[in-house]
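Text of entry.cif (mmCIF, C-alpha atoms and all ligand atoms) as supplied:
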data_work
#
loop_
_atom_site.label_atom_id
_atom_site.label_comp_id
_atom_site.auth_asym_id
_atom_site.auth_seq_id
_atom_site.Cartn_x
_atom_site.Cartn_y
_atom_site.Cartn_z
CA MET A 91 56.10 96.89 101.38
CA LEU A 92 59.70 97.72 100.71
CA LYS A 93 62.09 95.68 102.77
CA SER A 94 65.71 96.65 102.91
CA GLU A 95 68.23 93.92 102.37
CA ALA A 96 69.45 92.52 105.65
CA LEU A 97 73.02 93.32 106.52
CA THR A 98 74.75 90.03 107.18
CA GLU A 99 78.15 88.94 108.40
CA ASP A 100 78.66 87.24 105.04
CA ALA A 101 78.09 90.54 103.25
CA VAL A 102 80.64 92.22 105.51
CA ARG A 103 83.23 89.47 105.01
CA GLY A 104 82.54 89.53 101.28
CA ALA A 105 83.22 93.27 101.17
CA LEU A 106 86.45 92.80 103.10
CA ARG A 107 87.65 90.41 100.40
CA SER A 108 88.48 93.46 98.31
CA VAL A 109 90.77 94.84 101.03
CA SER A 110 94.31 93.57 100.83
CA ASP A 111 97.63 93.94 102.53
CA PRO A 112 99.33 96.77 100.61
CA GLU A 113 102.55 94.76 100.56
CA ILE A 114 100.81 91.72 99.09
CA PRO A 115 98.02 93.12 96.90
CA VAL A 116 96.94 89.70 95.65
CA LEU A 117 95.98 88.56 99.13
CA SER A 118 92.81 89.81 100.81
CA ILE A 119 92.75 90.34 104.56
CA VAL A 120 90.07 87.63 104.65
CA ASP A 121 92.37 85.06 103.05
CA LEU A 122 95.20 86.27 105.22
CA GLY A 123 93.07 85.28 108.23
CA LEU A 124 92.98 88.76 109.72
CA VAL A 125 89.23 89.04 110.23
CA GLU A 126 88.51 87.71 113.71
CA GLU A 127 85.06 89.05 114.50
CA VAL A 128 82.29 90.97 112.79
CA ARG A 129 79.58 92.68 114.83
CA ILE A 130 76.55 94.26 113.21
CA LEU A 131 74.77 96.75 115.44
CA GLY A 132 71.97 98.19 113.37
CA GLU A 133 73.66 100.46 110.85
CA ARG A 134 77.02 100.23 112.58
CA VAL A 135 79.56 97.56 111.72
CA GLU A 136 82.47 96.73 113.98
CA VAL A 137 85.26 94.48 112.82
CA ASP A 138 88.10 93.08 114.88
CA LEU A 139 91.26 92.32 112.97
CA LEU A 140 94.30 90.46 114.18
CA PRO A 141 97.58 92.22 113.44
CA THR A 142 99.86 89.88 111.56
CA PHE A 143 103.37 91.00 112.17
CA THR A 144 104.12 93.31 115.01
CA GLY A 145 105.86 96.28 113.53
CA CYS A 146 104.66 95.88 109.98
CA PRO A 147 103.71 99.39 108.98
CA ALA A 148 100.71 98.36 106.90
CA LEU A 149 98.29 97.96 109.79
CA GLY A 150 97.05 101.55 109.87
CA PHE A 151 96.59 101.49 106.14
CA ILE A 152 94.64 98.23 106.30
CA ALA A 153 92.33 99.55 109.03
CA GLN A 154 91.60 102.69 107.06
CA ALA A 155 91.01 100.81 103.79
CA ALA A 156 88.72 98.34 105.58
CA GLU A 157 86.64 101.14 107.15
CA GLU A 158 86.27 102.90 103.81
CA ARG A 159 85.18 99.65 102.18
CA LEU A 160 82.67 98.88 104.95
CA LEU A 161 81.08 102.31 104.56
CA ARG A 162 80.31 101.49 100.93
CA ILE A 163 78.11 98.52 101.90
CA PRO A 164 74.48 99.54 101.46
CA GLY A 165 72.88 100.16 104.85
CA VAL A 166 76.13 100.82 106.71
CA ARG A 167 76.41 104.28 108.22
CA GLU A 168 79.21 103.74 110.69
CA ALA A 169 82.21 101.46 110.59
CA LYS A 170 84.86 100.81 113.18
CA VAL A 171 87.87 98.60 112.63
CA SER A 172 89.98 97.67 115.63
CA PHE A 173 92.90 95.41 116.21
CA THR A 174 92.85 92.72 118.85
CA PHE A 175 95.79 90.62 119.96
CA ASP A 176 93.70 87.76 121.31
CA PRO A 177 93.87 85.22 119.80
CA ALA A 178 97.29 85.76 118.30
CA TRP A 179 97.40 85.59 114.53
CA SER A 180 99.38 82.72 113.13
CA THR A 181 100.28 81.70 109.63
CA ASP A 182 97.89 78.74 110.07
CA ARG A 183 95.07 81.23 109.56
CA ILE A 184 96.01 81.85 105.94
CA SER A 185 93.38 80.12 103.78
CA PRO A 186 94.34 77.57 101.09
CA ALA A 187 93.36 80.17 98.48
CA GLY A 188 95.56 82.68 100.27
CA LYS A 189 98.55 80.33 100.19
CA LEU A 190 98.08 79.85 96.44
CA ALA A 191 97.86 83.62 95.97
CA LEU A 192 101.10 84.06 97.91
CA GLN A 193 102.79 81.44 95.77
CA SER A 194 101.63 83.12 92.55
CA PHE A 195 102.95 86.43 93.87
CA GLY A 196 106.41 84.88 94.28
CA ILE A 197 106.25 84.49 98.03
CA ALA A 198 106.50 80.98 99.38
CA PRO A 199 103.86 80.40 102.02
CA PRO A 200 104.98 79.23 105.46
CA GLY A 201 104.90 75.63 106.58
CA GLY A 202 106.90 72.62 105.45
CA VAL A 203 109.97 72.76 103.23
CA PRO A 204 109.77 75.91 101.14
CA ALA A 205 109.12 75.19 97.49
CA CYS A 206 110.51 77.67 95.00
CA PRO A 207 107.56 79.74 93.73
CA TYR A 208 109.13 79.89 90.27
CA CYS A 209 110.08 76.27 89.50
CA GLY A 210 108.59 74.31 92.42
CA SER A 211 111.93 72.84 93.47
CA HIS A 212 112.59 72.06 97.11
CA LYS A 213 116.31 72.62 96.64
CA THR A 214 116.08 75.90 98.47
CA ARG A 215 118.05 77.49 101.24
CA ILE A 216 117.75 80.58 103.33
CA ASP A 217 119.90 83.42 102.10
CA ALA A 218 121.18 85.37 105.04
CA SER A 219 123.00 87.90 102.88
CA PHE A 220 119.73 89.76 102.40
CA GLY A 221 118.58 91.68 105.41
CA PRO A 222 115.37 89.85 106.24
CA THR A 223 112.37 91.99 107.05
CA ARG A 224 110.35 91.19 110.12
CA CYS A 225 107.70 89.59 107.96
CA ARG A 226 109.64 87.62 105.40
CA SER A 227 112.85 85.73 104.88
CA VAL A 228 114.78 85.62 101.65
CA TYR A 229 115.51 82.19 100.21
CA TYR A 230 117.57 81.12 97.27
CA CYS A 231 116.58 78.36 94.83
CA ASP A 232 119.50 76.16 93.77
CA ALA A 233 117.49 74.69 90.88
CA CYS A 234 116.56 77.84 88.96
CA GLN A 235 118.85 80.22 90.84
CA ASN A 236 116.19 82.72 91.73
CA PRO A 237 115.90 84.37 95.09
CA PHE A 238 112.42 84.40 96.56
CA GLU A 239 110.73 85.55 99.69
CA ARG A 240 108.97 83.43 102.19
CA MET A 241 106.53 84.55 104.78
CA LYS A 242 107.87 83.75 108.23
CA ALA A 243 105.83 81.25 110.18
CA LEU A 244 104.43 82.61 113.41
ZN ZN B 301 113.41 77.62 91.48
#

Would it be possible to restate this file's structure as structure tokens?
Ligand SMILES: [Zn+2]
Amino acid sequence: MLKSEALTEDAVRGALRSVSDPEIPVLSIVDLGLVEEVRILGERVEVDLLPTFTGCPALGFIAQAAEERLLRIPGVREAKVSFTFDPAWSTDRISPAGKLALQSFGIAPPGGVPACPYCGSHKTRIDASFGPTRCRSVYYCDACQNPFERMKAL
């Protein structure tokens, strides 16, 4: 008897690991802590994501990319990705792997004294001369004299 492989939450979360924030392509939405809930209803998958930064324009893109990825999982015929604001996303939801990925991308992760992603120095200061985006602040490293971005803590 042929038995189809069971669709599991792990399979869904695994698939979502290949979906990333278009502004930070090294970081999956799983490591970013966006995936709040996965519901499997037969051949339909529903995923609730938490929006990270209100006003960041990437959310529509992320939802569309996630739905397209979910539809490529064997056994999935319908996929619906929604955003929920409860609980609120916070930078604490970024996984340790996600924080490392941010660092390697040249963005200092939130929390603690920002270390320069280039040289590791803590001799850093916020540089207000750059217009900060809603998502990130620009810092300046006094040790290696590179500017770098840091994700704002929420
Ligand atoms: Zn530095």

Please identify the residues whose atoms come within 7 Å of ligand ZN 301 (chain B), using all atoms listed in the file, and report them as a PyMOL selection string.
-> chain A and resi 206-211+231-236

If we count all atoms listed in the file, what is near range 106-110 of chain A at a cut-off of 6 Å, once residues fewer than 6 positions away on the same chain are taken out, given as a list in words?
-> Leu117, Ser118, Ile119 and Val120 of chain A

Nearest residue to Asp138 in chain A from the set A:Val171, A:Ala101, A:Ala153, A:Leu161 (distances using only C-alpha atoms) =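 Once distances to Asp138 in chain A are computed over only C-alpha atoms, the minimum belongs to A:Val171.
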
Find the distance between CA of Pro204 in chain A and CA of Thr181 in chain A and write it in Å to one decimal.
->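 Rounded to one decimal, the two atoms are 14.0 Å apart.
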
So which one's closest to Asp176 in chain A, A:Leu160, A:Leu140, A:Val203, A:Ile130? Using only C-alpha atoms, please.
->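 Of A:Leu160, A:Leu140, A:Val203, A:Ile130, the one nearest Asp176 in chain A, counting only C-alpha atoms, is A:Leu140.
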
Would you work out the distance separating CA of Ala191 in chain A from CA of Ala155 in chain A, expressed in Å to one decimal?
->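 CA of Ala155 in chain A lies at a distance of 20.1 Å from CA of Ala191 in chain A.
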
Which of these residues is nearest to Val125 in chain A, using only C-alpha atoms: A:Glu113, A:Glu168, A:Glu158, A:Asp100?
->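 Of A:Glu113, A:Glu168, A:Glu158, A:Asp100, the one nearest Val125 in chain A, counting only C-alpha atoms, is A:Asp100.
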